[in-house]
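Everything below concerns the one structure shown next.
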Amino acid sequence: MTKEEQLFLKHISDLAHAAYQKYIPTSTGFLSLYEQDLFFSHRESVPPIDYRLNGGTPFSERKMICFLPDQELYAEYSPISVLEIVPIQIKFSEELSHRDYLGALLHLGIDRSVLGDILIQEEKCAYLFCKQTISDFIVEHLSCVKHTNVSCRYYEGTPEQLQPRMETICGSVASERLDSVLSVVFSGSRSKLAELIEGKKVFVNSRLEESASYLLKPQDVVSVRGYGKFIFQEITGMTKKGRKMVSVRKYR
């Protein structure tokens, strides 16, 4: 284990101890999939206290770990704000990517750990999940993304109303093996995509998966660093040659 990983786990343990001993809710910043997996792999080193992962919505990738000394706090403790970022003149705005929005936020001097997922919608607007402690600062100071002037405000709806853009992909595989399904979703050879698994870039349900032969189950959420994310849906049928037809929902 690296020194950085040890420091990360110590920080997690300190937060859990504070919640356990002082009887107050505590939370981490937004964690990457690798950090979430690191926590799960060393869960036994944390005090026996209730916790939940919260990214704002069920489909969020970056999530906080919230330590709660009392289950009654689950409904009322939510340290996340949702901000809506829209171009001031939509007609003249650029096509902005996730990298553009993130770059503009980091340019303000904001640490990545206080920023969760950025959900981009077709109507040229984006929704940012962030820590409540930084939300006022972002609303006040975020005025430009790339070369587009934007307005940033608190989202007035509920997080459940925000849905990611998705597309359905179907294809045939010999089995539900992880490397086989990856080759269908990302249109690559099994050997090339197996290298991503070996390189610790593939996560299933937020857990690092290092076996190319892992058999996917319906509703498994697969994230591939640098490629994207999808939900394995189901086997829809068989081909004449005995191959299985599978269906996945890929995040756009």
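Letters A, B, ... mark the chains of the structure tokens in the order given; residue numbers begin at 1 per chain; ligand numbers begin at 1, in order shown.
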### alpha helix (DSSP H) call set, DSSP backbone run, range 62-173 of chain A, as a PyMOL selection string
chain A and resi 98-107+132-141
### Message
Could you list, as number ranges by chain, every residue within 8 Å of range 170-184 of chain A, counting only C-alpha atoms and ignoring same-chain residues fewer than 3 positions away?
### Response
A: 187-191, 193-194, 211-217, 239, 242-248
Go ahead and write the residues just picked, N, CA, C and O atoms, as a short mmCIF file (atom, residue, chain, number, x, y, z; two decimals), in the first residue's frame.
```cif
data_model
loop_
_atom_site.label_atom_id
_atom_site.label_comp_id
_atom_site.auth_asym_id
_atom_site.auth_seq_id
_atom_site.Cartn_x
_atom_site.Cartn_y
_atom_site.Cartn_z
N SER A 187 -16.58 -1.47 -28.82
CA SER A 187 -16.14 -1.82 -30.17
C SER A 187 -14.62 -2.02 -30.26
O SER A 187 -13.94 -1.41 -31.08
N GLY A 188 -14.12 -2.88 -29.42
CA GLY A 188 -12.69 -3.20 -29.44
C GLY A 188 -12.47 -4.67 -29.30
O GLY A 188 -13.40 -5.45 -29.03
N SER A 189 -11.25 -5.10 -29.49
CA SER A 189 -10.93 -6.51 -29.35
C SER A 189 -10.92 -6.91 -27.87
O SER A 189 -10.64 -6.08 -27.00
N ARG A 190 -11.23 -8.17 -27.61
CA ARG A 190 -11.23 -8.64 -26.22
C ARG A 190 -9.86 -8.49 -25.59
O ARG A 190 -9.74 -8.12 -24.42
N SER A 191 -8.80 -8.76 -26.37
CA SER A 191 -7.45 -8.69 -25.82
C SER A 191 -7.09 -7.25 -25.42
O SER A 191 -6.50 -7.01 -24.36
N LEU A 193 -9.23 -4.80 -24.62
CA LEU A 193 -10.03 -4.38 -23.49
C LEU A 193 -9.64 -5.14 -22.22
O LEU A 193 -9.79 -4.63 -21.11
N ALA A 194 -9.12 -6.35 -22.40
CA ALA A 194 -8.62 -7.10 -21.23
C ALA A 194 -7.43 -6.38 -20.61
O ALA A 194 -7.21 -6.46 -19.40
N SER A 211 -10.67 -9.41 -12.96
CA SER A 211 -10.83 -10.69 -13.66
C SER A 211 -11.62 -10.49 -14.95
O SER A 211 -12.78 -10.08 -14.91
N ALA A 212 -10.98 -10.78 -16.06
CA ALA A 212 -11.66 -10.66 -17.36
C ALA A 212 -12.80 -11.66 -17.49
O ALA A 212 -13.72 -11.46 -18.27
N SER A 213 -12.75 -12.74 -16.71
CA SER A 213 -13.77 -13.79 -16.80
C SER A 213 -14.95 -13.55 -15.87
O SER A 213 -15.86 -14.39 -15.80
N TYR A 214 -14.97 -12.42 -15.18
CA TYR A 214 -16.10 -12.10 -14.31
C TYR A 214 -17.40 -12.13 -15.12
O TYR A 214 -17.49 -11.53 -16.20
N LEU A 215 -18.41 -12.81 -14.62
CA LEU A 215 -19.69 -12.92 -15.32
C LEU A 215 -20.64 -11.82 -14.85
O LEU A 215 -20.99 -11.76 -13.67
N LEU A 216 -21.02 -10.96 -15.77
CA LEU A 216 -21.91 -9.86 -15.44
C LEU A 216 -23.32 -10.35 -15.16
O LEU A 216 -23.79 -11.30 -15.77
N LYS A 217 -23.97 -9.66 -14.24
CA LYS A 217 -25.35 -9.97 -13.88
C LYS A 217 -26.24 -8.77 -14.24
O LYS A 217 -25.76 -7.64 -14.32
N THR A 239 -28.42 -16.53 -30.87
CA THR A 239 -28.25 -16.55 -32.32
C THR A 239 -28.31 -18.00 -32.81
O THR A 239 -28.30 -18.95 -32.01
N GLY A 242 -25.59 -20.16 -31.57
CA GLY A 242 -25.52 -20.43 -30.14
C GLY A 242 -24.90 -19.33 -29.30
O GLY A 242 -24.62 -19.53 -28.12
N ARG A 243 -24.69 -18.16 -29.90
CA ARG A 243 -24.16 -17.03 -29.14
C ARG A 243 -25.31 -16.29 -28.45
O ARG A 243 -26.45 -16.32 -28.91
N LYS A 244 -25.00 -15.63 -27.35
CA LYS A 244 -26.02 -14.93 -26.58
C LYS A 244 -26.13 -13.48 -27.04
O LYS A 244 -25.11 -12.80 -27.22
N MET A 245 -27.36 -13.01 -27.21
CA MET A 245 -27.60 -11.62 -27.52
C MET A 245 -27.79 -10.85 -26.20
O MET A 245 -28.60 -11.26 -25.37
N VAL A 246 -27.00 -9.81 -26.02
CA VAL A 246 -27.08 -9.05 -24.78
C VAL A 246 -27.47 -7.60 -25.08
O VAL A 246 -27.25 -7.08 -26.17
N SER A 247 -28.05 -6.97 -24.08
CA SER A 247 -28.47 -5.58 -24.19
C SER A 247 -27.87 -4.81 -23.03
O SER A 247 -27.91 -5.26 -21.88
N VAL A 248 -27.30 -3.64 -23.32
CA VAL A 248 -26.75 -2.76 -22.28
C VAL A 248 -27.28 -1.35 -22.50
O VAL A 248 -27.67 -0.99 -23.61
#
```
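Distances to Val114 in chain A were evaluated for A:Val46, A:Ile134, A:Val221, A:Leu53 using only C-alpha atoms, and the minimum falls at A:Ile134.
Across A:Asp37, A:Glu160, A:Asp111, A:Glu5, the tightest approach to Leu208 in chain A is made by A:Asp37 when counting only C-alpha atoms.
Separating CA of Val86 in chain A from CA of Asp136 in chain A is a distance of 16.4 Å.
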Considering only C-alpha atoms, tabulate each residue of range 25-117 of chain A that lies at most 8 Å from range 10-20 of chain A along with its nearest interatomic pair and the corresponding distance in Å to one decimal; arrange the rows by chain and ascending residue number and present them as a tab-separated table.
```
residue	atom	partner	partner_atom	distance
A:Pro25	CA	A:Ala19	CA	5.4
A:Thr26	CA	A:Ala19	CA	5.8
A:Ser27	CA	A:Leu15	CA	6.9
A:Thr28	CA	A:Ile12	CA	7.1
A:Phe39	CA	A:Ile12	CA	7.9
A:Ser45	CA	A:Ser13	CA	7.2
A:Val46	CA	A:Ser13	CA	5.3
A:Pro47	CA	A:Ala16	CA	6.3
A:Ile49	CA	A:Tyr20	CA	6.4
A:Phe67	CA	A:Ala16	CA	5.9
A:Leu68	CA	A:Ala19	CA	6.5
A:Pro69	CA	A:Tyr20	CA	5.9
```
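In this structure, CA of Gln21 in chain A sits 20.1 Å away from CA of Phe8 in chain A.
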### Task
Give the answer as one residue: which of A:Leu9, A:Ile118, A:Ile85, A:Cys144 has the shortest atom-to-atom distance to Glu44 in chain A, using only C-alpha atoms?
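When distances to Glu44 in chain A are compared using only C-alpha atoms, the smallest one comes from A:Leu9.
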### Sel. of strand (DSSP E or B) residues, range 93-237 of chain A, as a ChimeraX atom specification
/A:115-121,125-131,144-145,148-154,166-173,177,202-204,207-208,215,221-224,228-237
